[in-house]
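Structure file run01.cif (mmCIF, C-alpha atoms and all ligand atoms) follows.
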data_my_file
#
loop_
_atom_site.label_atom_id
_atom_site.label_comp_id
_atom_site.auth_asym_id
_atom_site.auth_seq_id
_atom_site.Cartn_x
_atom_site.Cartn_y
_atom_site.Cartn_z
CA MET B 1 111.74 76.52 66.43
CA THR B 2 115.33 76.17 67.63
CA ALA B 3 116.84 78.17 70.44
CA LYS B 4 119.13 79.70 67.81
CA GLN B 5 116.28 81.48 66.11
CA LEU B 6 114.45 82.80 69.13
CA GLN B 7 113.32 86.42 69.09
CA PHE B 8 112.07 88.18 72.18
CA VAL B 9 110.20 91.44 72.47
CA ILE B 10 110.08 92.57 76.09
CA LEU B 11 107.41 95.15 76.88
CA GLY B 12 108.47 97.38 79.77
CA SER B 13 111.80 98.43 81.16
CA GLY B 14 111.27 98.35 84.91
CA ILE B 15 113.08 95.87 87.14
CA ASN B 16 111.03 92.97 85.73
CA GLY B 17 111.59 93.75 82.04
CA LEU B 18 115.33 94.21 82.56
CA SER B 19 115.71 91.09 84.73
CA CYS B 20 113.97 89.08 81.99
CA ALA B 21 116.30 90.54 79.37
CA ILE B 22 119.35 89.60 81.45
CA ARG B 23 118.21 86.03 82.11
CA LEU B 24 116.93 85.41 78.55
CA SER B 25 120.17 86.72 77.04
CA GLU B 26 122.14 84.40 79.35
CA GLU B 27 120.05 81.36 78.55
CA PHE B 28 119.65 82.05 74.80
CA PRO B 29 122.85 83.91 73.82
CA ASN B 30 122.04 83.74 70.09
CA SER B 31 118.57 85.17 70.40
CA LYS B 32 117.50 88.64 69.31
CA ILE B 33 116.11 90.75 72.14
CA GLN B 34 114.31 94.05 71.88
CA ILE B 35 112.91 96.07 74.78
CA ILE B 36 110.02 98.42 74.00
CA SER B 37 109.05 100.82 76.73
CA GLU B 38 107.43 104.18 77.23
CA GLN B 39 109.82 105.10 80.05
CA PHE B 40 113.24 103.93 81.17
CA SER B 41 115.06 104.32 84.50
CA PRO B 42 114.96 106.68 86.41
CA ASN B 43 111.31 107.20 85.39
CA THR B 44 109.73 103.84 86.28
CA THR B 45 107.84 102.63 89.36
CA SER B 46 110.85 100.47 90.12
CA ASP B 47 112.94 103.62 90.64
CA VAL B 48 110.62 104.75 93.45
CA ALA B 49 111.19 101.61 95.51
CA ALA B 50 113.70 101.43 98.33
CA GLY B 51 114.49 97.89 97.23
CA LEU B 52 114.17 96.19 100.60
CA TRP B 53 114.19 92.45 100.05
CA GLY B 54 111.04 90.86 101.47
CA PRO B 55 107.42 90.04 100.58
CA TYR B 56 104.95 92.97 100.88
CA ILE B 57 101.46 93.73 99.47
CA LEU B 58 101.36 90.77 97.10
CA GLY B 59 97.63 90.46 96.50
CA GLY B 60 96.59 86.81 96.44
CA THR B 61 100.04 85.43 95.60
CA PRO B 62 100.23 82.15 97.58
CA ASP B 63 103.06 81.91 100.13
CA ALA B 64 104.43 78.76 98.50
CA LYS B 65 104.74 80.46 95.10
CA CYS B 66 106.38 83.48 96.67
CA ARG B 67 108.88 81.31 98.55
CA PHE B 68 109.69 79.39 95.37
CA VAL B 69 110.40 82.56 93.44
CA ILE B 70 112.54 83.98 96.22
CA GLN B 71 114.57 80.76 96.44
CA ASN B 72 114.99 80.85 92.68
CA LYS B 73 116.88 84.11 93.12
CA LYS B 74 120.53 83.74 92.36
CA VAL B 75 122.06 86.12 94.85
CA GLN B 76 125.29 87.47 93.43
CA ILE B 77 126.58 89.89 95.98
CA GLU B 78 128.78 91.67 93.46
CA ASP B 79 125.58 92.33 91.45
CA PHE B 80 124.06 94.18 94.33
CA ILE B 81 125.93 97.41 94.23
CA SER B 82 123.89 98.44 97.24
CA ILE B 83 124.21 97.67 100.91
CA PHE B 84 125.40 94.38 102.28
CA VAL B 85 127.83 95.79 104.78
CA VAL B 86 129.70 93.72 107.32
CA SER B 87 130.49 95.82 110.36
CA GLU B 88 133.82 95.94 112.17
CA ASP B 89 132.82 93.41 114.78
CA GLY B 90 131.85 90.97 112.07
CA ARG B 91 128.07 91.14 112.14
CA MET B 92 126.06 91.94 109.10
CA ASN B 93 124.78 95.36 109.97
CA HIS B 94 122.10 95.85 107.41
CA THR B 95 119.37 94.48 109.61
CA THR B 96 115.73 95.26 109.60
CA ILE B 97 113.73 95.89 112.70
CA SER B 98 110.07 95.22 112.34
CA CYS B 99 107.76 96.39 115.11
CA ASN B 100 104.35 94.87 115.84
CA TYR B 101 104.31 93.17 112.45
CA GLY B 102 103.64 89.58 113.42
CA GLU B 103 105.96 86.60 113.08
CA LEU B 104 107.99 86.85 109.90
CA ASP B 105 109.13 83.89 107.90
CA LEU B 106 112.52 85.20 106.88
CA PRO B 107 115.61 83.11 106.84
CA ILE B 108 118.59 84.82 108.40
CA ALA B 109 119.15 85.81 112.01
CA CYS B 110 115.50 86.33 112.79
CA GLY B 111 114.71 86.83 116.46
CA LYS B 112 112.36 88.56 118.85
CA LEU B 113 113.70 91.65 120.61
CA ASN B 114 113.44 91.62 124.39
CA LEU B 115 111.58 94.39 126.20
CA SER B 116 114.66 96.44 127.03
CA GLN B 117 115.74 96.36 123.39
CA ILE B 118 112.27 97.42 122.31
CA THR B 119 112.34 100.48 124.57
CA ASN B 120 115.33 101.76 122.56
CA PHE B 121 112.73 102.64 119.95
CA GLN B 122 110.18 105.41 120.32
CA GLY B 123 106.55 104.37 120.43
CA SER B 124 104.74 101.84 122.57
CA TYR B 125 105.61 98.57 120.93
CA SER B 126 105.01 95.28 122.69
CA VAL B 127 106.49 92.98 120.05
CA ALA B 128 109.39 93.55 117.68
CA PHE B 129 111.60 91.37 115.51
CA MET B 130 115.05 91.85 114.11
CA TYR B 131 116.30 89.99 111.06
CA ALA B 132 118.98 90.27 108.41
CA THR B 133 118.05 91.05 104.86
CA PHE B 134 119.47 93.31 102.18
CA THR B 135 118.56 96.20 99.98
CA CYS B 136 118.92 96.17 96.25
CA GLU B 137 118.72 99.77 95.04
CA PRO B 138 116.61 99.55 91.92
CA SER B 139 117.98 102.56 90.02
CA LYS B 140 121.58 101.42 90.50
CA MET B 141 120.69 97.85 89.67
CA MET B 142 118.86 98.91 86.51
CA ASN B 143 121.79 101.08 85.36
CA TYR B 144 124.05 98.10 85.83
CA TYR B 145 121.63 95.94 83.80
CA TYR B 146 121.52 98.54 80.96
CA ASP B 147 125.31 98.34 80.66
CA ILE B 148 125.24 94.54 80.45
CA LEU B 149 122.35 94.51 77.98
CA SER B 150 123.95 97.11 75.70
CA ALA B 151 127.10 94.99 75.59
CA ARG B 152 124.88 92.02 74.59
CA ASN B 153 123.35 94.02 71.71
CA VAL B 154 119.90 94.18 73.19
CA GLN B 155 117.91 96.88 71.35
CA PHE B 156 115.88 99.54 73.14
CA LEU B 157 112.92 101.36 71.63
CA GLN B 158 111.01 104.13 73.39
CA LYS B 159 107.36 103.76 72.47
CA ARG B 160 103.96 103.62 74.19
CA ILE B 161 102.03 100.41 73.47
CA GLN B 162 98.24 100.87 73.52
CA SER B 163 97.30 97.28 72.75
CA ILE B 164 98.62 94.09 71.17
CA ASN B 165 97.67 95.57 67.76
CA CYS B 166 100.53 98.09 68.13
CA LEU B 167 103.00 95.22 67.63
CA GLU B 168 101.89 94.91 64.01
CA MET B 169 102.45 98.61 63.40
CA LEU B 170 105.97 98.17 64.76
CA ASN B 171 106.54 95.25 62.38
CA ILE B 172 107.09 92.76 65.19
CA SER B 173 107.19 89.28 63.71
CA SER B 174 104.51 86.88 64.96
CA ASN B 175 107.37 84.42 65.58
CA ALA B 176 108.69 86.68 68.31
CA ILE B 177 107.89 85.72 71.90
CA ILE B 178 106.40 88.72 73.66
CA VAL B 179 107.27 89.11 77.35
CA ASN B 180 104.82 91.41 79.07
CA CYS B 181 106.45 93.36 81.91
CA LEU B 182 104.27 96.48 81.71
CA GLY B 183 103.57 96.50 85.44
CA PHE B 184 100.35 98.30 86.36
CA ASN B 185 99.57 99.25 82.74
CA SER B 186 98.94 95.59 81.92
CA LYS B 187 95.50 96.49 83.26
CA TYR B 188 94.80 98.54 80.12
CA VAL B 189 97.04 96.98 77.47
CA PHE B 190 96.00 93.39 78.31
CA ASN B 191 92.59 94.19 79.86
CA ASP B 192 93.32 92.70 83.27
CA CYS B 193 90.59 93.91 85.61
CA GLU B 194 92.25 92.09 88.54
CA LEU B 195 94.98 94.71 88.73
CA PHE B 196 94.63 97.69 91.01
CA PRO B 197 97.07 100.41 92.10
CA VAL B 198 98.34 100.74 95.65
CA ARG B 199 99.83 104.22 95.79
CA GLY B 200 103.13 104.63 97.58
CA GLN B 201 104.59 108.03 98.43
CA VAL B 202 108.09 108.24 99.91
CA GLN B 203 110.64 110.91 100.74
CA LYS B 204 114.35 110.40 100.11
CA VAL B 205 116.60 112.28 102.55
CA LYS B 206 120.29 112.64 103.35
CA ALA B 207 120.94 110.87 106.66
CA ASN B 208 124.18 108.92 106.56
CA PHE B 209 123.84 107.97 110.24
CA VAL B 210 121.04 105.47 109.53
CA PHE B 211 122.30 101.90 109.09
CA HIS B 212 119.24 99.81 110.00
CA SER B 213 115.90 99.63 108.30
CA ILE B 214 112.94 100.09 110.59
CA ALA B 215 109.38 99.13 109.68
CA CYS B 216 106.47 99.74 112.02
CA GLU B 217 102.75 100.39 111.71
CA SER B 218 103.09 104.12 111.07
CA CYS B 219 106.20 104.32 108.88
CA TYR B 220 109.34 102.76 107.45
CA ILE B 221 112.93 103.98 107.25
CA ILE B 222 115.19 102.24 104.74
CA PRO B 223 118.81 103.28 104.14
CA ASN B 224 120.13 103.18 100.58
CA THR B 225 123.70 104.08 99.64
CA ASP B 226 123.22 107.81 98.97
CA THR B 227 119.90 108.51 100.66
CA VAL B 228 117.51 107.10 103.23
CA VAL B 229 113.99 106.31 102.07
CA LEU B 230 111.23 107.46 104.44
CA GLY B 231 107.82 106.01 103.90
CA GLY B 232 105.16 105.73 103.28
CA THR B 233 101.66 105.35 102.09
CA LYS B 234 99.64 102.40 100.82
CA GLN B 235 96.45 103.81 99.39
CA LYS B 236 94.11 102.39 96.77
CA SER B 237 94.58 105.30 94.40
CA ASN B 238 96.16 106.06 91.05
CA ASN B 239 97.18 109.62 91.92
CA LEU B 240 100.83 110.12 90.97
CA ASN B 241 101.08 113.64 92.42
CA VAL B 242 103.02 114.32 95.61
CA ASN B 243 100.50 114.90 98.38
CA PHE B 244 101.57 117.45 101.01
CA VAL B 245 99.54 115.89 103.82
CA ASP B 246 101.20 112.53 103.09
CA ARG B 247 104.57 114.25 103.05
CA TYR B 248 103.90 115.85 106.46
CA ASN B 249 102.71 112.55 107.96
CA ILE B 250 105.67 110.60 106.58
CA ARG B 251 108.18 113.06 108.05
CA ASN B 252 106.32 113.29 111.37
CA ASN B 253 105.95 109.53 111.82
CA CYS B 254 109.58 108.90 110.90
CA HIS B 255 110.75 111.67 113.28
CA ASP B 256 108.70 110.11 116.08
CA THR B 257 110.37 106.76 115.45
CA LEU B 258 113.89 108.10 114.93
CA PRO B 259 114.15 111.70 116.25
CA ALA B 260 117.62 112.26 114.73
CA LEU B 261 115.91 112.35 111.32
CA LYS B 262 114.65 115.87 112.11
CA GLU B 263 118.04 117.12 110.88
CA ALA B 264 117.87 115.13 107.62
CA ILE B 265 117.94 117.17 104.41
CA MET B 266 115.16 116.40 101.97
CA VAL B 267 116.36 115.24 98.53
CA THR B 268 113.17 114.29 96.72
CA ASP B 269 109.55 113.19 97.14
CA ASN B 270 108.46 110.28 94.93
CA VAL B 271 105.19 108.54 94.19
CA GLY B 272 104.66 105.16 92.51
CA LEU B 273 101.77 102.78 91.97
CA ARG B 274 102.36 99.26 93.23
CA PRO B 275 100.83 96.86 90.68
CA VAL B 276 98.74 94.63 92.95
CA ARG B 277 96.74 91.78 91.44
CA ARG B 278 93.82 90.21 93.33
CA SER B 279 94.79 86.62 92.54
CA GLY B 280 98.53 87.35 92.76
CA VAL B 281 101.48 87.72 90.40
CA ARG B 282 100.69 86.64 86.83
CA LEU B 283 103.37 84.41 85.34
CA GLU B 284 101.99 82.43 82.42
CA LEU B 285 102.00 81.99 78.69
CA GLU B 286 98.97 83.10 76.66
CA ASN B 287 98.17 82.87 72.96
CA ILE B 288 96.72 86.22 71.85
CA THR B 289 95.21 87.02 68.47
CA SER B 290 95.39 90.62 67.24
CA ALA B 291 92.52 92.46 65.49
CA ASN B 292 94.04 91.40 62.14
CA GLY B 293 94.19 87.76 63.10
CA ARG B 294 97.91 87.54 63.92
CA ASN B 295 98.80 85.15 66.74
CA TYR B 296 101.33 86.12 69.38
CA ALA B 297 102.78 84.02 72.19
CA VAL B 298 102.77 86.33 75.19
CA ILE B 299 104.45 85.48 78.48
CA HIS B 300 102.97 87.62 81.23
CA ASN B 301 105.14 88.71 84.15
CA TYR B 302 103.38 91.41 86.15
CA GLY B 303 101.39 92.17 89.31
CA HIS B 304 104.32 92.11 91.76
CA GLY B 305 102.68 94.57 94.17
CA GLY B 306 105.04 95.88 96.82
CA ALA B 307 107.73 93.27 96.22
CA GLY B 308 108.73 93.57 92.56
CA ILE B 309 112.38 94.21 93.37
CA THR B 310 112.44 91.14 95.62
CA LEU B 311 110.78 88.85 93.09
CA ALA B 312 112.17 90.12 89.77
CA TRP B 313 115.13 87.77 89.43
CA GLY B 314 113.15 84.68 90.42
CA CYS B 315 110.20 85.57 88.18
CA ALA B 316 112.58 86.10 85.25
CA GLY B 317 113.81 82.54 85.92
CA THR B 318 110.25 81.28 85.57
CA VAL B 319 109.92 83.23 82.30
CA VAL B 320 113.02 81.38 81.01
CA GLN B 321 111.39 78.05 81.95
CA LEU B 322 108.16 78.99 80.15
CA VAL B 323 110.19 79.84 77.03
CA GLN B 324 112.08 76.54 77.25
CA ARG B 325 108.79 74.62 77.41
CA TYR B 326 107.35 76.62 74.53
CA ALA B 327 110.46 76.15 72.38
CA ALA B 328 110.53 72.43 73.19
CA LYS B 329 107.00 72.11 71.77
CA GLY B 330 108.48 73.29 68.49
CA SER B 331 106.05 76.03 67.55
CA LYS B 332 102.90 77.71 68.67
CA LEU B 333 100.65 76.81 71.57
C1 LIG M 1 106.77 103.52 97.31
C2 LIG M 1 107.14 102.13 96.85
C3 LIG M 1 108.08 101.41 97.55
C4 LIG M 1 108.42 100.11 97.15
N1 LIG M 1 109.37 99.44 97.85
C5 LIG M 1 109.73 98.18 97.47
C6 LIG M 1 110.73 97.48 98.17
O1 LIG M 1 111.31 98.01 99.13
N2 LIG M 1 111.04 96.21 97.76
C7 LIG M 1 110.40 95.62 96.71
O2 LIG M 1 110.71 94.45 96.41
N3 LIG M 1 109.46 96.29 95.99
C8 LIG M 1 109.10 97.53 96.35
N4 LIG M 1 108.13 98.22 95.66
C9 LIG M 1 107.39 97.53 94.58
C10 LIG M 1 108.14 97.62 93.26
O3 LIG M 1 108.53 98.93 93.02
C11 LIG M 1 107.23 97.13 92.11
O4 LIG M 1 106.66 95.87 92.40
C12 LIG M 1 108.09 96.99 90.86
O5 LIG M 1 108.69 98.23 90.58
C13 LIG M 1 107.29 96.54 89.64
O6 LIG M 1 108.23 96.48 88.61
P1 LIG M 1 107.79 96.27 87.09
O7 LIG M 1 109.04 96.15 86.29
O8 LIG M 1 106.80 95.16 87.03
O9 LIG M 1 106.99 97.59 86.74
P2 LIG M 1 107.51 99.09 86.45
O10 LIG M 1 108.71 99.43 87.23
O11 LIG M 1 106.29 99.93 86.61
O12 LIG M 1 107.92 99.04 84.94
C14 LIG M 1 106.94 99.00 83.91
C15 LIG M 1 107.59 99.42 82.62
O13 LIG M 1 106.60 99.35 81.58
C16 LIG M 1 106.59 100.58 80.86
N5 LIG M 1 105.23 100.80 80.38
C17 LIG M 1 104.10 100.90 81.11
N6 LIG M 1 103.05 101.08 80.31
C18 LIG M 1 103.51 101.09 79.04
C19 LIG M 1 102.90 101.21 77.78
N7 LIG M 1 101.58 101.38 77.63
N8 LIG M 1 103.67 101.15 76.66
C20 LIG M 1 105.02 100.97 76.78
N9 LIG M 1 105.65 100.86 77.96
C21 LIG M 1 104.91 100.93 79.08
C22 LIG M 1 107.02 101.62 81.88
O14 LIG M 1 107.48 102.79 81.21
C23 LIG M 1 108.11 100.85 82.61
O15 LIG M 1 109.32 100.90 81.89
C24 LIG M 1 107.78 99.53 96.01
C25 LIG M 1 106.85 100.28 95.29
C26 LIG M 1 106.53 101.57 95.69
C27 LIG M 1 105.53 102.36 94.87
#

Write out the structure in this file as structure tokens.
Amino acid sequence: MTAKQLQFVILGSGINGLSCAIRLSEEFPNSKIQIISEQFSPNTTSDVAAGLWGPYILGGTPDAKCRFVIQNKKVQIEDFISIFVVSEDGRMNHTTISCNYGELDLPIACGKLNLSQITNFQGSYSVAFMYATFTCEPSKMMNYYYDILSARNVQFLQKRIQSINCLEMLNISSNAIIVNCLGFNSKYVFNDCELFPVRGQVQKVKANFVFHSIACESCYIIPNTDTVVLGGTKQKSNNLNVNFVDRYNIRNNCHDTLPALKEAIMVTDNVGLRPVRRSGVRLELENITSANGRNYAVIHNYGHGGAGITLAWGCAGTVVQLVQRYAAKGSKL
């Protein structure tokens, strides 16, 4: 098989499916790419996320693998339509303050706050860290990706996939490389019993006076460009309904931490299921045979837990490498 003839069918159109489409279309410009998905932005789990860049609820993903994927991220500031503001006195002002969270292994401007700085925050914290990171607003990022992909003639098909057998009904050639980015639903479509949902409820509010993210034991507050994301829950549950007790607790905990938020106008409540996998993110190639005996090469890319926005670009890079190895072998596994 030559790179010229490659065909990709990407299942799922969240941040991972779209990042794969972008990187595959860059690496294999003559390939044919189709994205099949039940939902598109703004109706994916990725749209619920605040997009703070950092590792969080990653199941058993080893630190080394996580660090590799993060380093593999090609940070193009112009790609991140969201916040990366430099303040008037020259400091990057999108900083994150993390209270009582333990030592964090993050690269830029990480330091412990002294006691007088800590008392600027409500609550009785004894340890707090401040570090620089950035926020990549998923919905804006995904819109930007759709524009690029449409210009590259990537095809989109809205369809629910029940199992690998559906690919035959859709006339997908067995030469096509399938890239599985179905997020939590990989549990059912690819029978992965290691996946479990960690439910996250958030509230987006108008509060243009918030410039720093704050994460502590009881809540987090993350500014995006148009709204501020108040969170949140992490419950082992697959309930996608807004829970009013959760909503009350989120608002209360965030008000306690930053009292000015009491004036913030509510925009929307959102719930999403973080796709957490016991042994960590799944990034590998598998040969799957359908009920009718057709073989498909499937590259899995799912199970990103609470850090799918952070890891998407790097994981898509690994998908490209898996394709290169597969294509170099000349045919099937
Ligand atoms: C409240 C909350 C806050 C978060 N905050 C952050 C954060 O600040 N930073 C961060 O890095 N991460 C964060 N995350 C995690 C992040 O949102 C996820 O890891 C990420 O969205 C997973 O992306 P994905 O593309 O794998 O899955 P999804 O976004 O779920 O996309 C899956 C796609 O597959 C499609 N699909 C599913 N099943 C089928 C089917 N049967 N047939 C066809 N199509 C199907 C869906 O329609 C969708 O298009 C947060 C998550 C939550 C819930």

What residues of the protein or nucleic acid chains come within 6 Å of ligand LIG 1 (chain M) when you use all atoms listed in the file? Reply as a PyMOL selection string.
chain B and resi 12-17+37-40+44-46+48-53+159-162+181-183+185+200-202+272-274+302+304-310

I want to know what sits within 7 Å of stretch 240-244 of chain B, based on all atoms listed in the file, with residues of the same chain fewer than 6 positions away left out; could you give that as a ChimeraX atom specification?
/B:269-272

Centre and edges of the stretch 206-223 of chain B box, axis-aligned, 6 Å extra per side, as JSON:
{"center_x": 113.5, "center_y": 105.9, "center_z": 107.7, "size_x": 33.4, "size_y": 25.5, "size_z": 20.7}

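If you measure from each of B:Asn153, B:Gln7, B:Ser19, B:Asn165 to B:Phe190 using all atoms listed in the file, the closest one turns out to be B:Asn165.
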
Between atom CA of B:Lys112 and atom CA of B:Gly231, what is the spacing in Å?
23.4 Å

Considering only C-alpha atoms, return as a ChimeraX atom specification whatever protein or nucleic-acid residues lie within 12 Å of B:Asn114, sequence-local ones (same chain, fewer than 3 positions apart) excluded.
/B:99,111,117-121,125-130

Selected residues written out, C-alpha atoms, as a PDB file, in the coordinates of the input:
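Dumped everything to part-v4.pdb:
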ATOM      1  CA  CYS B  99     107.760  96.390 115.110  1.00  0.00           C
ATOM      2  CA  GLY B 111     114.710  86.830 116.460  1.00  0.00           C
ATOM      3  CA  GLN B 117     115.740  96.360 123.390  1.00  0.00           C
ATOM      4  CA  ILE B 118     112.270  97.420 122.310  1.00  0.00           C
ATOM      5  CA  THR B 119     112.340 100.480 124.570  1.00  0.00           C
ATOM      6  CA  ASN B 120     115.330 101.760 122.560  1.00  0.00           C
ATOM      7  CA  PHE B 121     112.730 102.640 119.950  1.00  0.00           C
ATOM      8  CA  TYR B 125     105.610  98.570 120.930  1.00  0.00           C
ATOM      9  CA  SER B 126     105.010  95.280 122.690  1.00  0.00           C
ATOM     10  CA  VAL B 127     106.490  92.980 120.050  1.00  0.00           C
ATOM     11  CA  ALA B 128     109.390  93.550 117.680  1.00  0.00           C
ATOM     12  CA  PHE B 129     111.600  91.370 115.510  1.00  0.00           C
ATOM     13  CA  MET B 130     115.050  91.850 114.110  1.00  0.00           C
TER      14      MET B 130
END

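Interatomic distance, atom CA of B:Leu283 to atom CA of B:Cys315: 7.5 Å.
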
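Excluding B:Asn180 itself and same-chain residues fewer than 2 positions from it, the residues having an atom within 7 Å of it are Ile10, Leu11, Ile178, Leu182, Val298, Ile299, His300 and Asn301 of chain B, counting only C-alpha atoms.
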
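Nearest-residue note for B:Phe28: choosing from B:Asn171, B:Asn224, B:Asn253, B:Gln5, the minimum distance belongs to B:Gln5, counting only C-alpha atoms.
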
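The neighbours of B:Asn208 here are the residues that come within 10 Å of it, using all atoms listed in the file and leaving out any residue fewer than 6 positions away in the same chain; they are Pro223, Asn224, Thr225, Asp226, Thr227, Val228 and Ala264 of chain B.
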
For stretch 322-328 of chain B, list every protein, DNA or RNA residue within 12 Å, evaluated using all atoms listed in the file, and leave out those in the same chain fewer than 3 positions away; present the list as a PDB file with C-alpha atoms, in the frame of the given file.
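The resulting around_25.pdb:
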ATOM      1  CA  MET B   1     111.740  76.520  66.430  1.00  0.00           C
ATOM      2  CA  THR B   2     115.330  76.170  67.630  1.00  0.00           C
ATOM      3  CA  ALA B   3     116.840  78.170  70.440  1.00  0.00           C
ATOM      4  CA  LYS B   4     119.130  79.700  67.810  1.00  0.00           C
ATOM      5  CA  GLN B   5     116.280  81.480  66.110  1.00  0.00           C
ATOM      6  CA  LEU B   6     114.450  82.800  69.130  1.00  0.00           C
ATOM      7  CA  GLN B   7     113.320  86.420  69.090  1.00  0.00           C
ATOM      8  CA  PHE B   8     112.070  88.180  72.180  1.00  0.00           C
ATOM      9  CA  CYS B  20     113.970  89.080  81.990  1.00  0.00           C
ATOM     10  CA  ARG B  23     118.210  86.030  82.110  1.00  0.00           C
ATOM     11  CA  LEU B  24     116.930  85.410  78.550  1.00  0.00           C
ATOM     12  CA  GLU B  27     120.050  81.360  78.550  1.00  0.00           C
ATOM     13  CA  PHE B  28     119.650  82.050  74.800  1.00  0.00           C
ATOM     14  CA  SER B  31     118.570  85.170  70.400  1.00  0.00           C
ATOM     15  CA  ASN B 175     107.370  84.420  65.580  1.00  0.00           C
ATOM     16  CA  ALA B 176     108.690  86.680  68.310  1.00  0.00           C
ATOM     17  CA  ILE B 177     107.890  85.720  71.900  1.00  0.00           C
ATOM     18  CA  ILE B 178     106.400  88.720  73.660  1.00  0.00           C
ATOM     19  CA  VAL B 179     107.270  89.110  77.350  1.00  0.00           C
ATOM     20  CA  LEU B 283     103.370  84.410  85.340  1.00  0.00           C
ATOM     21  CA  GLU B 284     101.990  82.430  82.420  1.00  0.00           C
ATOM     22  CA  LEU B 285     102.000  81.990  78.690  1.00  0.00           C
ATOM     23  CA  GLU B 286      98.970  83.100  76.660  1.00  0.00           C
ATOM     24  CA  ASN B 287      98.170  82.870  72.960  1.00  0.00           C
ATOM     25  CA  ALA B 297     102.780  84.020  72.190  1.00  0.00           C
ATOM     26  CA  VAL B 298     102.770  86.330  75.190  1.00  0.00           C
ATOM     27  CA  ILE B 299     104.450  85.480  78.480  1.00  0.00           C
ATOM     28  CA  HIS B 300     102.970  87.620  81.230  1.00  0.00           C
ATOM     29  CA  ASN B 301     105.140  88.710  84.150  1.00  0.00           C
ATOM     30  CA  CYS B 315     110.200  85.570  88.180  1.00  0.00           C
ATOM     31  CA  ALA B 316     112.580  86.100  85.250  1.00  0.00           C
ATOM     32  CA  GLY B 317     113.810  82.540  85.920  1.00  0.00           C
ATOM     33  CA  THR B 318     110.250  81.280  85.570  1.00  0.00           C
ATOM     34  CA  VAL B 319     109.920  83.230  82.300  1.00  0.00           C
ATOM     35  CA  SER B 331     106.050  76.030  67.550  1.00  0.00           C
ATOM     36  CA  LYS B 332     102.900  77.710  68.670  1.00  0.00           C
ATOM     37  CA  LEU B 333     100.650  76.810  71.570  1.00  0.00           C
TER      38      LEU B 333
END

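Checking B:Val245, B:Cys193, B:Ala21, B:Leu258 one by one against B:Phe211, counting all atoms listed in the file, you find the shortest gap at B:Leu258.
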
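The space between atom CA of B:Ala207 and atom CA of B:Cys136 spans 18.1 Å.
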
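With only C-alpha atoms as the basis for measurement, B:Ala132 is the residue among B:Met142, B:Ile164, B:Leu115, B:Ala132 that approaches B:Ser213 most closely.
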
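Among B:Val154, B:Pro42, B:Pro259, B:Ile57, the residue with the shortest atom-to-atom distance to B:Glu26, counting only C-alpha atoms, is B:Val154.
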
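With distances taken over all atoms listed in the file, B:Ile288 is the one residue among B:Leu311, B:Leu113, B:Ile288, B:Ala260 lying closest to B:Leu167.
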